[in-house]
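Structure data follow from upload-v9.cif (mmCIF, C-alpha atoms and all ligand atoms):
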data_data
#
loop_
_atom_site.label_atom_id
_atom_site.label_comp_id
_atom_site.auth_asym_id
_atom_site.auth_seq_id
_atom_site.Cartn_x
_atom_site.Cartn_y
_atom_site.Cartn_z
CA MET U 1 5.73 5.10 36.85
CA SER U 2 2.55 6.57 35.39
CA GLU U 3 4.12 10.05 35.39
CA THR U 4 6.76 9.08 32.87
CA GLU U 5 4.57 6.79 30.79
CA PRO U 6 3.94 8.33 27.36
CA SER U 7 0.39 9.41 26.53
CA ILE U 8 0.68 7.62 23.18
CA ILE U 9 2.56 4.36 22.96
CA ALA U 10 3.67 3.79 19.35
CA ARG U 11 5.34 0.52 18.37
CA VAL U 12 5.88 -1.66 15.36
CA GLU U 13 4.56 -5.15 16.11
CA GLY U 14 4.91 -7.62 13.28
CA ALA U 15 3.63 -5.92 10.13
CA ALA U 16 1.49 -3.42 12.07
CA GLY U 17 2.16 0.01 13.50
CA THR U 18 0.30 0.05 16.82
CA LEU U 19 -0.87 3.18 18.63
CA LEU U 20 -2.22 3.05 22.16
CA MET U 21 -3.90 6.20 23.51
CA ASN U 22 -2.72 6.06 27.09
CA ARG U 23 -4.35 8.63 29.38
CA PRO U 24 -6.95 6.31 30.94
CA LYS U 25 -7.75 8.69 33.86
CA ALA U 26 -8.83 11.31 31.27
CA LEU U 27 -10.60 8.63 29.20
CA ASN U 28 -7.73 9.02 26.71
CA ALA U 29 -8.86 12.55 25.75
CA LEU U 30 -6.43 14.06 23.22
CA ASP U 31 -4.03 16.76 24.32
CA LEU U 32 -1.55 18.52 22.03
CA ALA U 33 1.28 16.09 22.87
CA MET U 34 -0.91 13.18 21.78
CA ILE U 35 -1.92 14.93 18.58
CA ARG U 36 1.76 15.52 17.78
CA ALA U 37 2.49 11.84 18.46
CA PHE U 38 -0.25 10.93 15.95
CA GLN U 39 1.37 13.20 13.37
CA SER U 40 4.81 11.63 13.99
CA ALA U 41 3.36 8.15 13.52
CA LEU U 42 1.62 9.20 10.28
CA ASP U 43 4.89 10.67 8.98
CA ALA U 44 7.01 7.69 10.07
CA TRP U 45 4.73 4.95 8.80
CA LYS U 46 3.14 6.37 5.64
CA HIS U 47 6.09 5.38 3.45
CA ASP U 48 7.50 2.56 5.62
CA PRO U 49 6.98 -0.65 3.62
CA THR U 50 7.29 -2.84 6.74
CA VAL U 51 4.14 -1.22 8.18
CA LYS U 52 1.15 -2.67 6.30
CA LEU U 53 -1.53 -1.21 8.55
CA VAL U 54 -2.02 0.84 11.71
CA LEU U 55 -3.94 -0.46 14.69
CA LEU U 56 -5.37 2.19 17.06
CA GLU U 57 -6.57 1.37 20.58
CA GLY U 58 -7.42 3.06 23.88
CA ALA U 59 -5.88 2.03 27.20
CA GLY U 60 -7.71 1.25 30.41
CA GLY U 61 -10.68 -0.80 29.26
CA LYS U 62 -13.24 2.01 29.68
CA ALA U 63 -12.64 4.34 26.80
CA PHE U 64 -11.30 4.47 23.29
CA CYS U 65 -11.04 8.29 23.43
CA ALA U 66 -13.44 10.77 25.09
CA GLY U 67 -12.59 13.69 22.81
CA GLY U 68 -10.24 16.62 22.83
CA ASP U 69 -8.72 18.34 25.83
CA VAL U 70 -11.49 20.95 25.97
CA ARG U 71 -10.67 21.89 29.57
CA GLY U 72 -7.21 22.92 28.38
CA ILE U 73 -8.69 24.82 25.42
CA ARG U 74 -11.04 26.68 27.74
CA GLN U 75 -8.11 27.78 29.89
CA PHE U 76 -6.24 29.03 26.80
CA ALA U 77 -9.38 31.00 25.86
CA ILE U 78 -9.65 32.53 29.35
CA ASP U 79 -5.93 33.46 29.19
CA GLY U 80 -6.44 35.03 25.74
CA ASP U 81 -3.86 32.61 24.34
CA LYS U 82 -5.13 32.45 20.75
CA ALA U 83 -1.93 30.88 19.41
CA SER U 84 -2.30 27.80 21.60
CA VAL U 85 -5.98 27.33 20.67
CA GLU U 86 -5.09 27.69 16.98
CA ALA U 87 -2.22 25.19 17.30
CA PHE U 88 -4.43 22.63 18.99
CA PHE U 89 -7.25 22.66 16.44
CA ALA U 90 -5.05 23.17 13.36
CA GLU U 91 -2.83 20.24 14.32
CA GLU U 92 -5.75 18.04 15.36
CA TYR U 93 -7.57 18.60 12.07
CA ALA U 94 -4.34 18.00 10.12
CA VAL U 95 -4.14 14.59 11.81
CA ASN U 96 -7.77 13.87 10.79
CA ALA U 97 -6.91 14.72 7.16
CA GLY U 98 -3.66 12.74 7.36
CA ILE U 99 -5.52 9.63 8.52
CA ALA U 100 -7.96 9.98 5.58
CA ARG U 101 -5.12 10.06 3.04
CA PHE U 102 -2.76 7.66 4.86
CA GLY U 103 -3.02 5.22 1.96
CA LYS U 104 -3.03 2.07 4.11
CA PRO U 105 -5.61 0.61 6.48
CA TRP U 106 -5.91 2.61 9.70
CA LEU U 107 -7.86 0.21 11.87
CA SER U 108 -9.60 1.50 15.01
CA LEU U 109 -10.80 -0.76 17.81
CA MET U 110 -13.58 1.26 19.47
CA ASP U 111 -14.27 -0.52 22.75
CA GLY U 112 -15.78 1.86 25.32
CA VAL U 113 -16.40 5.61 25.10
CA CYS U 114 -15.62 7.28 21.78
CA MET U 115 -16.68 10.91 21.42
CA GLY U 116 -15.74 14.00 19.43
CA GLY U 117 -11.99 13.94 18.81
CA GLY U 118 -12.02 10.16 19.35
CA ILE U 119 -14.40 9.80 16.43
CA GLY U 120 -12.07 12.03 14.40
CA VAL U 121 -9.10 9.65 14.75
CA ALA U 122 -11.30 6.60 14.06
CA VAL U 123 -13.69 7.21 11.17
CA HIS U 124 -11.70 8.76 8.31
CA ASN U 125 -10.13 5.46 7.29
CA GLY U 126 -10.81 1.86 8.25
CA PRO U 127 -11.72 -0.81 9.07
CA ARG U 128 -13.66 0.79 11.98
CA VAL U 129 -14.36 -1.86 14.58
CA VAL U 130 -16.83 -1.46 17.45
CA THR U 131 -17.67 -3.85 20.27
CA GLU U 132 -20.85 -4.34 22.31
CA HIS U 133 -19.24 -1.98 24.87
CA ALA U 134 -18.64 0.87 22.41
CA LEU U 135 -20.45 4.14 23.08
CA LEU U 136 -20.19 6.76 20.36
CA ALA U 137 -21.40 10.34 20.53
CA MET U 138 -20.89 13.84 19.19
CA PRO U 139 -21.78 15.73 22.40
CA GLU U 140 -20.42 19.16 21.42
CA THR U 141 -23.67 21.15 21.50
CA ALA U 142 -23.67 20.57 25.31
CA ILE U 143 -20.44 22.56 25.59
CA ALA U 144 -21.30 25.05 22.83
CA LEU U 145 -18.81 23.69 20.37
CA PHE U 146 -19.96 22.02 17.12
CA PRO U 147 -19.30 18.70 15.38
CA ASP U 148 -15.69 19.03 14.26
CA VAL U 149 -12.71 16.73 13.46
CA GLY U 150 -14.14 16.28 9.96
CA THR U 151 -17.53 15.04 11.14
CA SER U 152 -19.16 17.92 9.25
CA TYR U 153 -18.15 15.85 6.22
CA ILE U 154 -19.24 12.47 7.67
CA LEU U 155 -22.54 13.30 9.40
CA PRO U 156 -24.48 14.79 6.46
CA ARG U 157 -23.60 11.66 4.44
CA ILE U 158 -25.48 9.33 6.80
CA GLN U 159 -28.89 8.47 5.36
CA GLY U 160 -32.14 9.67 6.91
CA GLU U 161 -30.81 12.65 8.90
CA ILE U 162 -29.29 10.35 11.52
CA GLY U 163 -26.15 12.52 11.46
CA THR U 164 -28.12 15.71 12.05
CA TRP U 165 -29.92 14.06 14.97
CA LEU U 166 -26.60 12.88 16.45
CA ALA U 167 -24.95 16.27 16.08
CA LEU U 168 -27.77 18.34 17.58
CA THR U 169 -28.91 16.11 20.44
CA GLY U 170 -25.60 14.39 21.27
CA ALA U 171 -27.47 11.06 21.12
CA ARG U 172 -25.43 8.09 22.38
CA PHE U 173 -24.84 5.28 19.91
CA LYS U 174 -24.09 1.74 20.98
CA GLY U 175 -21.62 -0.22 18.87
CA ALA U 176 -24.31 -1.86 16.75
CA ASP U 177 -26.01 1.52 16.18
CA ALA U 178 -22.73 2.91 14.86
CA VAL U 179 -22.51 0.09 12.31
CA HIS U 180 -26.13 0.62 11.21
CA ALA U 181 -25.37 4.33 10.69
CA GLY U 182 -22.14 3.60 8.82
CA LEU U 183 -19.87 5.28 11.39
CA ALA U 184 -18.35 1.87 12.11
CA SER U 185 -17.76 -0.98 9.67
CA HIS U 186 -17.44 -4.13 11.79
CA TYR U 187 -19.11 -5.42 14.97
CA VAL U 188 -16.77 -7.66 17.00
CA LEU U 189 -17.40 -8.98 20.51
CA ARG U 190 -14.95 -7.73 23.13
CA GLU U 191 -13.96 -11.30 24.02
CA ASN U 192 -12.62 -11.72 20.49
CA LEU U 193 -10.46 -8.58 20.40
CA PRO U 194 -7.23 -10.29 21.59
CA ALA U 195 -7.48 -12.86 18.80
CA LEU U 196 -8.35 -10.16 16.25
CA ARG U 197 -5.38 -8.08 17.40
CA ASP U 198 -3.01 -11.05 17.04
CA ALA U 199 -4.32 -11.77 13.56
CA LEU U 200 -3.92 -8.12 12.48
CA LEU U 201 -0.22 -8.10 13.36
CA GLY U 202 0.16 -10.26 10.26
CA GLY U 203 -0.53 -7.12 8.24
CA ASP U 204 -3.75 -8.13 6.46
CA ALA U 205 -6.66 -5.92 7.51
CA THR U 206 -9.21 -8.09 5.72
CA VAL U 207 -8.94 -10.73 8.49
CA VAL U 208 -11.37 -8.54 10.45
CA GLU U 209 -14.18 -10.05 8.35
CA GLN U 210 -13.60 -13.40 10.06
CA PHE U 211 -14.27 -11.87 13.49
CA ALA U 212 -17.52 -10.06 12.75
CA ALA U 213 -20.45 -11.06 14.99
CA PRO U 214 -24.15 -10.96 14.02
CA LEU U 215 -25.37 -7.38 14.23
CA PRO U 216 -28.21 -6.59 16.67
CA GLU U 217 -30.99 -4.28 15.48
CA ALA U 218 -30.37 -0.54 15.82
CA SER U 219 -31.73 0.93 19.07
CA PHE U 220 -33.10 3.84 17.02
CA HIS U 221 -34.87 1.55 14.54
CA ALA U 222 -38.41 2.52 15.62
CA GLN U 223 -37.49 6.22 15.38
CA ARG U 224 -35.97 6.20 11.91
CA GLU U 225 -38.97 7.77 10.17
CA ALA U 226 -39.49 10.41 12.84
CA ILE U 227 -35.79 11.32 12.73
CA ALA U 228 -35.91 11.75 8.94
CA ARG U 229 -39.15 13.75 9.16
CA CYS U 230 -38.09 16.12 11.92
CA PHE U 231 -34.34 16.58 11.45
CA SER U 232 -34.63 17.39 7.72
CA ARG U 233 -36.10 20.82 8.55
CA ALA U 234 -34.32 24.01 7.54
CA THR U 235 -33.90 25.59 10.98
CA VAL U 236 -33.45 24.42 14.57
CA LEU U 237 -36.73 26.04 15.53
CA GLU U 238 -38.55 24.15 12.77
CA ILE U 239 -36.93 20.91 13.97
CA ILE U 240 -38.22 21.59 17.49
CA GLN U 241 -41.70 22.42 16.17
CA ALA U 242 -41.72 19.26 14.04
CA LEU U 243 -40.78 17.18 17.09
CA GLU U 244 -43.57 18.82 19.10
CA THR U 245 -46.03 17.91 16.34
CA GLU U 246 -44.99 14.22 16.54
CA GLY U 247 -46.71 13.89 19.92
CA THR U 248 -44.65 10.89 21.10
CA ASP U 249 -42.63 10.42 24.30
CA TRP U 250 -39.49 9.98 22.22
CA ALA U 251 -40.05 13.27 20.39
CA ALA U 252 -40.83 15.13 23.63
CA GLU U 253 -37.57 13.82 25.10
CA GLN U 254 -35.63 15.10 22.04
CA VAL U 255 -37.15 18.56 22.55
CA LYS U 256 -36.08 18.51 26.22
CA VAL U 257 -32.54 17.56 25.21
CA LEU U 258 -32.36 20.25 22.51
CA ARG U 259 -33.64 22.89 24.96
CA ARG U 260 -30.69 22.14 27.28
CA MET U 261 -28.06 22.71 24.57
CA SER U 262 -26.46 26.02 23.62
CA PRO U 263 -28.96 27.67 21.20
CA THR U 264 -26.14 29.34 19.26
CA SER U 265 -24.28 26.06 19.05
CA LEU U 266 -27.37 24.25 17.74
CA CYS U 267 -27.76 26.82 14.95
CA VAL U 268 -24.03 26.81 14.09
CA SER U 269 -24.00 23.00 14.04
CA LEU U 270 -27.04 22.72 11.77
CA GLU U 271 -25.63 25.26 9.33
CA LEU U 272 -22.25 23.48 9.36
CA ILE U 273 -23.81 20.11 8.59
CA ARG U 274 -25.91 21.53 5.76
CA ARG U 275 -22.83 23.21 4.26
CA GLY U 276 -20.75 20.06 4.83
CA ALA U 277 -23.10 18.02 2.63
CA GLY U 278 -21.73 19.78 -0.43
CA ALA U 279 -18.10 20.13 0.62
CA SER U 280 -14.96 17.95 0.54
CA LEU U 281 -13.32 16.69 3.74
CA ASP U 282 -10.57 19.32 3.42
CA GLU U 283 -13.15 22.06 2.90
CA CYS U 284 -15.09 20.83 5.94
CA LEU U 285 -11.95 20.86 8.12
CA GLU U 286 -11.21 24.38 6.91
CA MET U 287 -14.75 25.56 7.79
CA GLU U 288 -14.42 23.96 11.21
CA LEU U 289 -11.06 25.60 11.89
CA ALA U 290 -12.45 29.01 10.92
CA LEU U 291 -15.41 28.46 13.26
CA THR U 292 -13.18 27.60 16.24
CA ARG U 293 -11.74 31.11 16.09
CA THR U 294 -15.08 32.78 16.76
CA VAL U 295 -16.77 30.08 18.82
CA VAL U 296 -13.90 29.60 21.28
CA HIS U 297 -12.75 33.21 21.71
CA GLU U 298 -15.68 35.48 20.93
CA HIS U 299 -18.72 33.59 22.09
CA PRO U 300 -19.37 33.24 25.85
CA ASP U 301 -21.24 29.92 25.61
CA PHE U 302 -18.13 27.74 25.09
CA ARG U 303 -16.48 28.76 28.37
CA GLU U 304 -19.75 28.39 30.21
CA GLY U 305 -20.55 25.02 28.62
CA VAL U 306 -17.16 23.48 29.42
CA ARG U 307 -17.35 24.90 32.94
CA ALA U 308 -20.76 23.34 33.51
CA VAL U 309 -20.12 19.93 31.92
CA LEU U 310 -16.45 19.27 32.66
CA VAL U 311 -15.06 21.72 35.26
CA ASP U 312 -17.87 22.03 37.83
CA LYS U 313 -19.52 18.78 36.82
CA GLY U 314 -23.29 18.59 37.15
CA ASN U 315 -23.63 22.33 37.72
CA PRO U 316 -25.87 23.24 34.77
CA PRO U 317 -25.09 26.20 32.50
CA ALA U 318 -26.17 29.38 34.28
CA SER U 319 -27.32 30.92 31.04
CA TRP U 320 -26.71 30.61 27.36
CA SER U 321 -26.40 33.72 25.21
CA PRO U 322 -28.95 34.08 23.80
CA ALA U 323 -30.91 31.89 26.20
CA ARG U 324 -33.32 30.38 23.68
CA VAL U 325 -33.25 29.26 20.05
CA GLU U 326 -35.99 31.82 19.39
CA GLY U 327 -33.46 34.56 20.21
CA VAL U 328 -30.68 33.48 17.84
CA ASP U 329 -30.04 35.96 15.03
CA ALA U 330 -29.81 34.02 11.74
CA ALA U 331 -27.60 36.70 10.18
CA ALA U 332 -25.15 36.42 13.08
CA ILE U 333 -24.87 32.66 12.47
CA GLN U 334 -24.22 33.22 8.74
CA ALA U 335 -21.59 35.83 9.64
CA MET U 336 -19.69 33.22 11.66
CA PHE U 337 -19.09 31.30 8.39
CA ALA U 338 -17.86 34.33 6.46
C1 LIG D 401 -18.62 17.46 24.89
C2 LIG D 401 -17.30 17.28 24.52
C3 LIG D 401 -16.41 16.58 25.35
C4 LIG D 401 -16.90 16.06 26.56
C5 LIG D 401 -18.25 16.22 26.91
C6 LIG D 401 -19.08 16.93 26.08
C7 LIG D 401 -15.02 16.39 25.04
C8 LIG D 401 -14.21 15.71 26.00
C9 LIG D 401 -14.77 15.21 27.18
C10 LIG D 401 -14.04 14.54 28.24
C11 LIG D 401 -14.68 13.63 29.05
C12 LIG D 401 -14.00 13.00 30.10
C13 LIG D 401 -12.69 13.31 30.34
C14 LIG D 401 -12.05 14.24 29.53
C15 LIG D 401 -12.73 14.85 28.50
O1 LIG D 401 -16.10 15.37 27.40
O2 LIG D 401 -14.54 16.85 23.97
O3 LIG D 401 -10.77 14.54 29.78
O4 LIG D 401 -12.01 12.72 31.37
O5 LIG D 401 -12.90 15.56 25.75
O6 LIG D 401 -20.38 17.11 26.43
O7 LIG D 401 -16.84 17.79 23.36
#

Once you've parsed the file, please lay out its structure as structure tokens.
Amino acid sequence: MSETEPSIIARVEGAAGTLLMNRPKALNALDLAMIRAFQSALDAWKHDPTVKLVLLEGAGGKAFCAGGDVRGIRQFAIDGDKASVEAFFAEEYAVNAGIARFGKPWLSLMDGVCMGGGIGVAVHNGPRVVTEHALLAMPETAIALFPDVGTSYILPRIQGEIGTWLALTGARFKGADAVHAGLASHYVLRENLPALRDALLGGDATVVEQFAAPLPEASFHAQREAIARCFSRATVLEIIQALETEGTDWAAEQVKVLRRMSPTSLCVSLELIRRGAGASLDECLEMELALTRTVVHEHPDFREGVRAVLVDKGNPPASWSPARVEGVDAAAIQAMFA
């Protein structure tokens, strides 16, 4: 049965188009077939007057969507199949842009893990609902990618350098944290999702207001000032030095995390976020697509990062190239944006 079940289940229920990401064993990570199903739904429903809103959910109870199919991308890179890598990212980013200009509410119910590509199908429209079981992250620097799916537009617009901190360290956000940062718009308890879902099939997205629960304090509340102080620096090395100057356990832990990430990826990600602050969403998606071409095919860290994190799980990266942030050539990073 599961072999023939579609990886996206698209239906019209009442006045809502509903999309269920349905690869629970892969935490609903997006492959190209799923991305194409998103595009079909956007095309079918954008001008369909019977569809008043879209409701997006993840199957299985554990994840909304863990990201993109980076294992598949890595294999394309190893095979030298540039066309398939290009198709994946170009079509994924087109879906992100299509959601932003869909013109009707595109309502995401983030209950469980939501990372990378999952954030990309959730945050460019709204309402963006999280539960107390939501876990949001941009973990790409661990696999030597960079914050993509239009997050280079979103992250620099979060106040107090929270977006820079998220992008570089891959910090995990709970549902309430995501609302405090503006990545999510409504905090709803999991037990109330069935009733919210039923209400939404009536076609009025504003009913979500009636389901919002009191918002707990952000888990990063005590670190807000340190985040703003340290992550506003011009270079990754200066951010690390600023964290070392803080002299707190929290800051020392951030340095440890940053030292585990791909140094090249940290520098690319910081530059991307700084450039994204002054760019439109479409310009950000274009920058990201251009970066995939060098980062995936020409830089060794991506293959090594995906191998370590997702293929041979728990087997840490043998070596990054260069191995340390101190060894990254600033001109080489700038050249990747040319
Ligand atoms: C960085 C990423 C991803 C990641 C981990 C990272 C990513 C992704 C997955 C993932 C996780 C579990 C799965 C799966 C994929 O993990 O993009 O299929 O079952 O999809 O550190 O960018």

* Can I get the residues close to ligand LIG 401 (chain D) as a PyMOL selection string, where close means within 6 Å and we count only C-alpha atoms and all ligand atoms? -> chain U and resi 26-27+29+66-70+116+139-140+142-143

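What separates atom CA of Ala122 of chain U from atom CA of Val306 of chain U is a distance of 23.6 Å.
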
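One finds atom CA of Cys267 of chain U at 6.2 Å from atom CA of Val236 of chain U.
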
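Distance check against Thr248 of chain U using all atoms listed in the file: of U:Thr235, U:Leu53, U:Ala222, U:Val121, the minimum falls on U:Ala222.
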
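Distance-wise, atom CA of Thr206 of chain U and atom CA of Tyr187 of chain U end up 13.8 Å apart.
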
* Nearby residues (all atoms listed in the file) at most 12 Å from segment 312-322 of chain U, same-chain spacing under 4 positions excluded, as a PyMOL selection string -> chain U and resi 71+141-144+259-267+298-308+326-329+332

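When all atoms listed in the file are used to compute distances to Glu238 of chain U, the closest of the residues U:Val257, U:Val325, U:Ile154, U:Ala178 turns out to be U:Val325.
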
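Residues in contact range of Ala252 of chain U, defined as at most 8 Å between all atoms listed in the file, with sequence neighbours fewer than 5 positions away removed, read Leu243, Glu244 and Gly247 of chain U.
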
* Structure fact -> Using only C-alpha atoms, the residue out of U:Asn96, U:Ser269, U:Ser108, U:Asn192 with shortest distance to Thr169 of chain U is U:Ser269

* Asked: Of the candidates U:Ala97, U:Ile227, U:Met110, U:Ala251, which shows the shortest atom-to-atom distance to Val149 of chain U, using all atoms listed in the file?
  -> U:Ala97

Give the padded box for segment 239-251 of chain U as AutoDock Vina command-line options: axis-aligned, covering all atoms listed in the file, 4 Å on each side, centre and edge lengths in Å to one decimal.
--center_x -41.8 --center_y 16.2 --center_z 19.1 --size_x 17.8 --size_y 20.4 --size_z 18.3

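Minimum atom-to-atom distance to Gly103 of chain U, evaluated using all atoms listed in the file, belongs to U:Asp48 out of U:Asp198, U:Asp48, U:Glu91, U:Glu217.
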
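Each of U:Ile240, U:Leu155, U:Leu183, U:Ala10 was checked against Ala37 of chain U using only C-alpha atoms; the smallest atom-to-atom distance is that of U:Ala10.
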